[in-house]
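Asker: File name entry_23.csv; file contents CSV, C-alpha atoms; full text below.
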```
chain,number,residue,atom,x,y,z
A,1,MET,CA,27.0,2.1,14.7
A,2,ALA,CA,24.2,4.3,13.4
A,3,LYS,CA,23.5,7.9,14.6
A,4,PRO,CA,21.7,8.1,17.9
A,5,GLY,CA,18.0,7.1,17.5
A,6,TYR,CA,18.7,5.1,14.3
A,7,GLY,CA,19.6,1.5,13.6
A,8,LYS,CA,18.7,-1.9,15.1
A,9,ARG,CA,16.2,-2.3,18.0
A,10,SER,CA,15.7,-5.8,19.5
A,11,ALA,CA,12.1,-6.9,20.0
A,12,PRO,CA,11.2,-8.4,23.4
A,13,GLY,CA,10.5,-12.0,24.3
A,14,GLN,CA,13.1,-13.7,22.0
A,15,GLN,CA,14.2,-17.2,22.6
A,16,LEU,CA,17.8,-17.9,23.6
A,17,ARG,CA,20.4,-18.4,20.9
A,18,THR,CA,20.9,-21.9,19.6
A,19,ARG,CA,22.9,-23.5,16.8
A,20,ASP,CA,19.6,-24.2,14.9
A,21,ASP,CA,18.6,-20.5,14.6
A,22,PHE,CA,17.5,-19.7,11.1
A,23,SER,CA,18.2,-23.2,10.0
A,24,LEU,CA,15.1,-23.3,7.8
A,25,LEU,CA,16.2,-20.3,5.8
A,26,PRO,CA,18.2,-20.4,2.5
A,27,THR,CA,22.0,-20.0,2.7
A,28,ARG,CA,22.2,-16.3,2.0
A,29,GLU,CA,19.3,-15.4,4.3
A,30,ARG,CA,20.7,-17.6,7.1
A,31,TYR,CA,24.1,-15.9,6.7
A,32,VAL,CA,22.7,-12.4,6.8
A,33,ALA,CA,20.3,-13.2,9.7
A,34,GLY,CA,23.1,-14.7,11.8
A,35,PHE,CA,25.2,-11.5,11.3
A,36,VAL,CA,22.3,-9.1,12.1
A,37,ASP,CA,21.3,-11.2,15.2
A,38,HIS,CA,24.7,-10.6,16.7
A,39,LEU,CA,24.8,-6.9,16.1
A,40,PRO,CA,24.2,-4.7,19.1
A,41,ASP,CA,21.3,-2.4,19.4
A,42,GLY,CA,21.9,0.9,17.6
A,43,ALA,CA,24.0,-0.8,14.9
A,44,SER,CA,23.5,0.5,11.4
A,45,MET,CA,21.0,-1.5,9.4
A,46,SER,CA,21.2,0.2,6.0
A,47,VAL,CA,21.8,-2.0,3.0
A,48,LYS,CA,24.9,-0.1,2.1
A,49,GLN,CA,26.5,-0.6,5.5
A,50,LEU,CA,25.6,-4.2,5.7
A,51,ALA,CA,27.0,-4.9,2.3
A,52,LYS,CA,30.3,-3.4,3.4
A,53,GLN,CA,30.5,-5.8,6.3
A,54,LEU,CA,29.4,-8.9,4.4
A,55,PRO,CA,31.8,-9.3,1.5
A,56,LEU,CA,30.1,-12.4,0.1
A,57,TYR,CA,27.1,-10.4,-1.2
A,58,GLY,CA,26.4,-7.0,-2.8
A,59,GLN,CA,23.8,-4.4,-2.0
A,60,GLN,CA,21.1,-6.0,-4.2
A,61,ALA,CA,21.6,-9.4,-2.6
A,62,ILE,CA,21.5,-7.9,0.9
A,63,SER,CA,18.3,-6.0,0.1
A,64,THR,CA,16.7,-9.2,-1.2
A,65,ALA,CA,17.8,-11.1,1.9
A,66,LEU,CA,16.3,-8.4,4.2
A,67,LYS,CA,13.0,-8.6,2.3
A,68,ALA,CA,12.9,-12.4,2.8
A,69,LEU,CA,13.7,-12.0,6.5
A,70,SER,CA,10.8,-9.5,6.8
A,71,VAL,CA,8.5,-12.0,5.1
A,72,ALA,CA,9.8,-14.7,7.4
A,73,GLY,CA,8.8,-12.6,10.4
A,74,HIS,CA,12.2,-11.6,11.7
A,75,LEU,CA,12.3,-7.8,11.1
A,76,ARG,CA,10.2,-4.7,10.5
A,77,ARG,CA,11.4,-1.3,9.4
A,78,VAL,CA,9.7,1.8,11.0
A,79,ARG,CA,10.2,5.5,11.1
A,80,CYS,CA,9.5,7.7,14.1
A,81,ALA,CA,8.6,11.4,14.0
A,82,VAL,CA,10.6,13.3,16.7
A,83,GLY,CA,10.7,17.0,17.4
A,84,ALA,CA,8.1,19.7,16.7
A,85,GLY,CA,7.4,22.3,14.1
A,86,ASP,CA,10.4,23.2,11.9
A,87,GLU,CA,12.6,20.9,14.0
A,88,THR,CA,10.6,17.8,13.1
A,89,ARG,CA,12.6,14.9,11.6
A,90,TRP,CA,12.2,11.2,11.0
A,91,VAL,CA,14.2,8.6,12.8
A,92,PHE,CA,14.5,5.3,11.0
A,93,ARG,CA,14.7,2.1,13.0
A,94,THR,CA,14.7,-1.7,12.3
A,95,PHE,CA,13.1,-3.9,14.9
A,96,TRP,CA,14.7,-7.3,14.9
A,97,SER,CA,13.4,-10.6,16.4
A,98,ARG,CA,15.5,-13.8,16.4
A,99,THR,CA,12.2,-15.6,17.0
A,100,ALA,CA,10.1,-15.4,13.9
A,101,ARG,CA,6.8,-13.6,14.5
A,102,ASP,CA,3.6,-13.5,12.6
A,103,ASN,CA,1.8,-10.3,11.4
A,104,GLU,CA,-0.6,-10.2,14.3
A,105,TRP,CA,2.3,-10.2,16.8
A,106,TRP,CA,4.2,-7.5,15.0
A,107,ASN,CA,1.0,-5.3,14.6
A,108,THR,CA,0.3,-5.6,18.4
A,109,TYR,CA,3.9,-4.9,19.4
A,110,LEU,CA,4.3,-1.9,17.2
A,111,ALA,CA,0.9,-0.5,18.3
A,112,THR,CA,2.0,-1.0,22.0
A,113,GLU,CA,5.3,0.7,21.2
A,114,ASP,CA,3.5,3.5,19.5
A,115,ALA,CA,1.2,4.1,22.4
A,116,ALA,CA,4.0,4.1,24.9
A,117,ARG,CA,6.0,6.7,22.9
A,118,THR,CA,2.9,8.8,22.5
A,119,ALA,CA,2.1,8.7,26.2
A,120,ALA,CA,5.7,9.4,27.4
A,121,PRO,CA,5.8,13.1,26.5
A,122,ALA,CA,2.4,13.7,28.1
A,123,ALA,CA,3.4,11.9,31.3
A,124,ALA,CA,6.6,13.9,31.4
A,125,ARG,CA,4.7,17.2,31.1
A,126,GLU,CA,2.3,16.2,33.9
A,127,ALA,CA,5.2,15.2,36.2
A,128,SER,CA,7.0,18.4,35.5
A,129,ALA,CA,3.9,20.5,36.2
A,130,ALA,CA,3.2,18.6,39.4
A,131,SER,CA,6.7,19.2,40.7
A,132,VAL,CA,6.5,23.0,40.3
A,133,GLU,CA,5.6,24.6,43.7
A,134,PRO,CA,3.7,27.9,43.7
A,135,SER,CA,6.0,30.8,44.5
A,136,ALA,CA,5.5,34.3,45.9
A,137,PRO,CA,4.6,36.9,43.3
A,138,VAL,CA,7.6,38.9,42.1
A,139,ALA,CA,7.2,42.6,41.8
A,140,VAL,CA,8.0,43.7,38.3
A,141,PRO,CA,9.3,47.3,37.8
A,142,GLN,CA,7.0,49.4,35.7
A,143,GLN,CA,8.5,50.1,32.3
A,144,ARG,CA,9.0,53.7,31.6
A,145,THR,CA,7.6,55.3,28.5
A,146,PRO,CA,10.0,56.7,25.8
A,147,ALA,CA,9.1,60.2,27.0
A,148,GLU,CA,10.1,59.4,30.6
A,149,ALA,CA,13.3,57.7,29.5
A,150,ALA,CA,14.5,60.6,27.4
A,151,PRO,CA,12.3,63.7,27.9
A,152,ASP,CA,14.7,66.0,25.9
A,153,THR,CA,14.8,63.8,22.8
A,154,ALA,CA,12.1,64.2,20.2
A,155,PRO,CA,10.6,61.0,18.9
A,156,GLU,CA,11.6,59.9,15.4
A,157,THR,CA,8.9,60.1,12.9
A,158,ALA,CA,10.6,58.5,9.9
A,159,PRO,CA,8.5,55.5,8.7
A,160,THR,CA,10.0,52.1,9.0
A,161,ALA,CA,10.1,49.7,6.1
A,162,ALA,CA,7.5,47.0,6.2
A,163,PRO,CA,9.1,43.5,6.7
A,164,SER,CA,9.3,41.4,3.6
A,165,ALA,CA,7.1,38.2,3.5
A,166,THR,CA,9.1,35.1,4.4
A,167,PRO,CA,8.6,32.1,2.1
A,168,SER,CA,7.0,29.1,3.8
A,169,PRO,CA,9.0,25.9,4.4
A,170,ALA,CA,6.9,24.2,1.6
A,171,TYR,CA,7.8,26.9,-0.9
A,172,LEU,CA,11.5,26.7,0.0
A,173,ALA,CA,11.5,22.9,-0.3
A,174,LEU,CA,10.0,23.1,-3.8
A,175,ALA,CA,12.5,25.8,-4.8
A,176,GLU,CA,15.3,23.4,-3.6
A,177,LEU,CA,14.2,20.6,-5.9
A,178,GLY,CA,16.0,22.1,-8.9
A,179,ARG,CA,19.2,22.3,-6.9
A,180,LYS,CA,19.0,18.6,-5.9
A,181,ASP,CA,18.1,17.4,-9.4
A,182,ILE,CA,17.9,19.7,-12.5
A,183,ARG,CA,15.2,17.5,-14.0
A,184,LEU,CA,12.8,19.0,-11.4
A,185,ALA,CA,13.7,22.6,-11.7
A,186,LEU,CA,10.6,24.8,-11.0
A,187,SER,CA,10.0,28.5,-11.6
A,188,ALA,CA,8.8,30.9,-8.9
A,189,GLY,CA,5.3,30.6,-10.3
A,190,ASP,CA,5.4,26.8,-10.3
A,191,CYS,CA,6.5,26.9,-6.6
A,192,ALA,CA,3.7,29.2,-5.7
A,193,ALA,CA,1.1,27.1,-7.5
A,194,LEU,CA,2.3,23.8,-5.9
A,195,GLU,CA,2.9,25.3,-2.4
A,196,PRO,CA,-0.6,24.3,-1.0
A,197,GLN,CA,0.0,20.7,-1.9
A,198,ALA,CA,3.5,20.7,-0.4
A,199,ALA,CA,2.2,22.3,2.7
A,200,ALA,CA,-0.2,19.4,3.2
A,201,TRP,CA,2.9,17.2,3.6
A,202,PHE,CA,4.3,19.4,6.3
A,203,ASP,CA,0.9,19.3,8.0
A,204,ARG,CA,1.4,15.5,8.3
A,205,GLY,CA,4.6,15.9,10.2
A,206,VAL,CA,7.3,15.5,7.5
A,207,ASP,CA,10.2,17.9,7.1
A,208,ALA,CA,11.8,19.5,4.0
A,209,ASP,CA,14.4,16.7,3.7
A,210,TYR,CA,11.7,14.0,3.6
A,211,LEU,CA,9.7,15.9,1.0
A,212,ILE,CA,12.7,16.5,-1.3
A,213,ALA,CA,13.8,12.9,-1.0
A,214,ALA,CA,10.3,11.5,-1.8
A,215,LEU,CA,10.0,13.8,-4.9
A,216,THR,CA,13.4,13.1,-6.3
A,217,ALA,CA,13.6,9.4,-5.7
A,218,GLY,CA,13.6,7.1,-8.7
A,219,LEU,CA,13.3,9.8,-11.4
A,220,PRO,CA,13.0,8.8,-15.0
A,221,ALA,CA,15.8,9.6,-17.4
A,222,GLN,CA,13.9,12.6,-18.7
A,223,VAL,CA,11.1,14.7,-17.1
A,224,ASP,CA,9.2,16.6,-19.9
A,225,CYS,CA,7.1,18.8,-17.6
A,226,PRO,CA,8.5,19.2,-14.1
A,227,PRO,CA,5.5,21.1,-12.6
A,228,ARG,CA,3.1,18.4,-13.8
A,229,PHE,CA,5.4,15.6,-12.7
A,230,VAL,CA,5.9,17.2,-9.2
A,231,ARG,CA,2.1,17.8,-8.8
A,232,ARG,CA,1.4,14.1,-9.6
A,233,ARG,CA,4.0,12.9,-7.0
A,234,LEU,CA,2.7,15.3,-4.4
A,235,THR,CA,-0.7,13.7,-4.9
A,236,ASP,CA,0.3,10.0,-5.2
A,237,LYS,CA,3.0,9.9,-2.5
A,238,ILE,CA,1.6,12.0,0.3
A,239,PRO,CA,2.2,10.2,3.6
A,240,PRO,CA,-0.7,9.1,5.8
A,241,ARG,CA,-1.7,11.3,8.7
A,242,LEU,CA,-0.4,10.0,11.9
A,243,PRO,CA,-3.1,9.1,14.5
A,244,GLY,CA,-3.8,12.1,16.7
A,245,GLY,CA,-1.7,14.2,14.3
A,246,PRO,CA,-2.1,17.9,13.7
A,247,GLU,CA,-5.0,19.2,11.7
A,248,SER,CA,-4.3,21.4,8.7
A,249,PRO,CA,-3.7,24.9,10.1
A,250,SER,CA,-5.3,27.8,8.5
A,251,THR,CA,-2.3,30.1,9.1
A,252,GLY,CA,0.0,28.1,6.8
A,253,THR,CA,2.5,27.5,9.7
A,254,PRO,CA,3.5,23.9,10.1
A,255,ALA,CA,2.0,22.5,13.3
A,256,PRO,CA,4.1,20.5,15.8
A,257,ALA,CA,4.3,16.9,15.0
A,258,PRO,CA,3.5,14.5,17.8
A,259,ALA,CA,6.6,13.1,19.3
A,260,GLY,CA,7.3,9.4,19.4
A,261,LEU,CA,4.8,8.1,16.8
A,262,LEU,CA,5.8,5.1,14.8
A,263,MET,CA,5.0,4.4,11.2
A,264,MET,CA,6.0,1.2,9.5
A,265,GLU,CA,7.6,1.3,6.1
A,266,CYS,CA,7.9,-1.3,3.3
A,267,THR,CA,11.1,-3.3,3.8
A,268,ASP,CA,11.7,-3.3,0.0
A,269,CYS,CA,10.7,0.1,-1.3
A,270,GLY,CA,10.4,2.2,1.9
A,271,ARG,CA,6.7,3.2,1.3
A,272,PRO,CA,5.2,4.3,4.7
A,273,GLY,CA,2.0,2.9,6.0
A,274,ARG,CA,0.2,1.4,9.0
A,275,PRO,CA,1.3,-2.1,10.0
A,276,GLU,CA,-2.1,-3.5,9.0
A,277,ALA,CA,-1.5,-2.2,5.5
A,278,LEU,CA,1.9,-3.8,5.2
A,279,PRO,CA,1.6,-7.5,5.9
A,280,ASP,CA,4.9,-9.3,6.1
A,281,GLY,CA,6.5,-5.8,6.1
A,282,LEU,CA,5.8,-5.3,2.4
A,283,CYS,CA,3.4,-3.0,0.6
A,284,ARG,CA,1.0,-4.5,-1.9
A,285,PRO,CA,3.1,-4.0,-5.1
A,286,CYS,CA,6.2,-5.4,-3.5
A,287,SER,CA,4.3,-8.3,-1.9
A,288,VAL,CA,2.8,-9.2,-5.3
A,289,ALA,CA,6.2,-9.0,-7.0
A,290,HIS,CA,7.7,-11.1,-4.2
A,291,SER,CA,5.1,-13.8,-4.5
A,292,LYS,CA,5.1,-13.9,-8.4
A,293,GLY,CA,8.8,-13.6,-9.0
A,294,GLU,CA,10.5,-15.5,-6.3
A,295,GLN,CA,14.3,-15.0,-6.3
A,296,PRO,CA,16.4,-18.0,-7.4
A,297,ALA,CA,18.1,-20.1,-4.8
A,298,SER,CA,21.1,-18.4,-3.1
A,299,PRO,CA,24.4,-19.5,-4.5
A,300,ASP,CA,26.6,-21.6,-2.2
A,301,PRO,CA,29.7,-19.8,-0.9
A,302,THR,CA,31.9,-22.5,-2.4
A,303,GLU,CA,30.4,-21.7,-5.8
A,304,ILE,CA,31.1,-18.0,-5.4
A,305,ALA,CA,34.7,-18.8,-4.5
A,306,ALA,CA,35.0,-21.0,-7.6
A,307,VAL,CA,33.7,-18.3,-9.9
A,308,LYS,CA,36.1,-15.8,-8.4
A,309,ALA,CA,39.0,-18.1,-8.9
A,310,HIS,CA,38.0,-18.8,-12.5
A,311,MET,CA,37.7,-15.1,-13.2
A,312,ALA,CA,41.2,-14.5,-11.7
A,313,ASN,CA,42.6,-17.2,-13.8
A,314,LEU,CA,41.1,-15.6,-17.0
A,315,ARG,CA,42.6,-12.2,-16.1
A,316,ASP,CA,46.0,-13.9,-15.6
A,317,LEU,CA,45.7,-15.5,-19.0
A,318,LEU,CA,44.9,-12.2,-20.7
A,319,LYS,CA,48.0,-10.6,-19.1
A,320,ALA,CA,50.3,-13.4,-20.4
A,321,PRO,CA,52.4,-12.5,-23.5
```
Could the structure of this file be written out as structure tokens, please?
Answerer:
Amino acid sequence: MAKPGYGKRSAPGQQLRTRDDFSLLPTRERYVAGFVDHLPDGASMSVKQLAKQLPLYGQQAISTALKALSVAGHLRRVRCAVGAGDETRWVFRTFWSRTARDNEWWNTYLATEDAARTAAPAAAREASAASVEPSAPVAVPQQRTPAEAAPDTAPETAPTAAPSATPSPAYLALAELGRKDIRLALSAGDCAALEPQAAAWFDRGVDADYLIAALTAGLPAQVDCPPRFVRRRLTDKIPPRLPGGPESPSTGTPAPAPAGLLMMECTDCGRPGRPEALPDGLCRPCSVAHSKGEQPASPDPTEIAAVKAHMANLRDLLKAP
């Protein structure tokens, strides 16, 4: 099972299970779909965990199968912003439907789910405010002045040190990049110069973990100029602003992220976006790659077993004197 809030979520209105479910899919996709369909809500849906439980296929094969199931209309991956301010984090969920759905159905369903989650906190606040009854005013004792509290003690006149400026979450996230991957090590000046761009990410509801993961994912073997590379990624990979999300604050303090908002992500590469921008659950580059370079037919389990037996026989021959 995944952590609370993560994992599989069953879509409503599915047909009852039959022996013909997923019969039109290739062998591998049918095998993965049947396994996922029987998982309970909340089960882990990461490629790594599924590959551990499905010994016939590795992580790459599972990832390809999930992409095909997304195109077939059986699943959509989403991320949900929960919390507020510095406590904002992203919860990842995979909505699953045994009954294949088209893009219009998924778009409508996710929009309805999004609206319901957005309205829930507001309704809870209204209900809480309505349940509070007015109470009698409470007399608050008047606070005594320092002279009244200790008339015989002379006030101290020593100046206090001015508090040091606290680095912003955006600056700290940039400073952490070099610790996560030495190829993106930045100087103090680099962090200060890139801080406004990183702060724009926080204004859109992401946290430091999300920013660091987005900037360090899929790095080339060598980064010649880390500041320029980070600046380009901050520009190209900035997430979309959630509907009704916080405007950019002038104070530099991250604004609270709206709770419960859903944002779909590409099933293949994880790029976030609105459902309308990800038909079949895929972004444009992944969709083009999927349509132009269709994967070869899935190998039959008997063929896999035969190959394994042949390799075992070869190893035994090599061990023979």
Asker: With all atoms listed in the file as the basis for distance, which of A:Val288, A:Leu25, A:Ala173, A:Ala277 is at the shortest distance from Tyr210 of chain A?
Answerer: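 Among A:Val288, A:Leu25, A:Ala173, A:Ala277, it is A:Ala173 that comes nearest to Tyr210 of chain A.
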Asker: Could you pull the residues within 7 Å of Ile238 of chain A, counting all atoms listed in the file, minus those fewer than 3 positions along the same chain, as a ChimeraX atom specification?
Answerer: /A:201,234-235
Asker: Residues within 7 Å of (20.7, -1.8, 1.2), file coordinates, counting only C-alpha atoms: what are they? Give the list as a list in words.
Answerer: Ser46, Val47, Lys48, Gln59, Gln60, Ile62 and Ser63 of chain A
Asker: Atom CA of Asp102 of chain A and atom CA of Asp20 of chain A, how far apart in Å?
Answerer: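 Interatomic distance, atom CA of Asp20 of chain A to atom CA of Asp102 of chain A: 19.4 Å.
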Asker: Could you check the closest approach to Gly42 of chain A for each of A:Val91, A:Ala188, A:Leu56, A:Ala72 and tell me which residue wins, using all atoms listed in the file?
Answerer: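 For Gly42 of chain A, the nearest of the given residues is A:Val91.
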Asker: Can you work out which one of A:Ser287, A:Thr18, A:Ser70, A:Thr94 has the shortest atom-to-atom distance to Ser44 of chain A, counting all atoms listed in the file?
Answerer: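 Distance minimum relative to Ser44 of chain A lands on A:Thr94.
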Asker: So, with all atoms listed in the file as the atoms that count, which of A:Gly273, A:Thr99, A:Leu215, A:Asp209 lies closest to Arg233 of chain A?
Answerer: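 The closest residue to Arg233 of chain A is A:Leu215.
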Asker: One number please: atom CA of Thr302 of chain A to atom CA of Leu66 of chain A, in Å, one decimal.
Answerer: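 Computing the Euclidean distance for atom CA of Thr302 of chain A and atom CA of Leu66 of chain A yields 22.0 Å.
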Asker: So, with only C-alpha atoms as the atoms that count, which of A:Pro220, A:Ile304, A:Tyr109, A:Leu75 lies closest to Arg28 of chain A?
Answerer: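 Ranking A:Pro220, A:Ile304, A:Tyr109, A:Leu75 by distance to Arg28 of chain A, first place goes to A:Ile304.
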Asker: Please determine, counting only C-alpha atoms, which residue among A:Arg79, A:Lys67, A:Lys52, A:Arg284 has the shortest atom-to-atom distance to Asp268 of chain A.
Answerer: A:Lys67
Asker: Can you measure atom CA of Leu184 of chain A to atom CA of Ala289 of chain A for me? One decimal in Å is fine.
Answerer: 29.1 Å
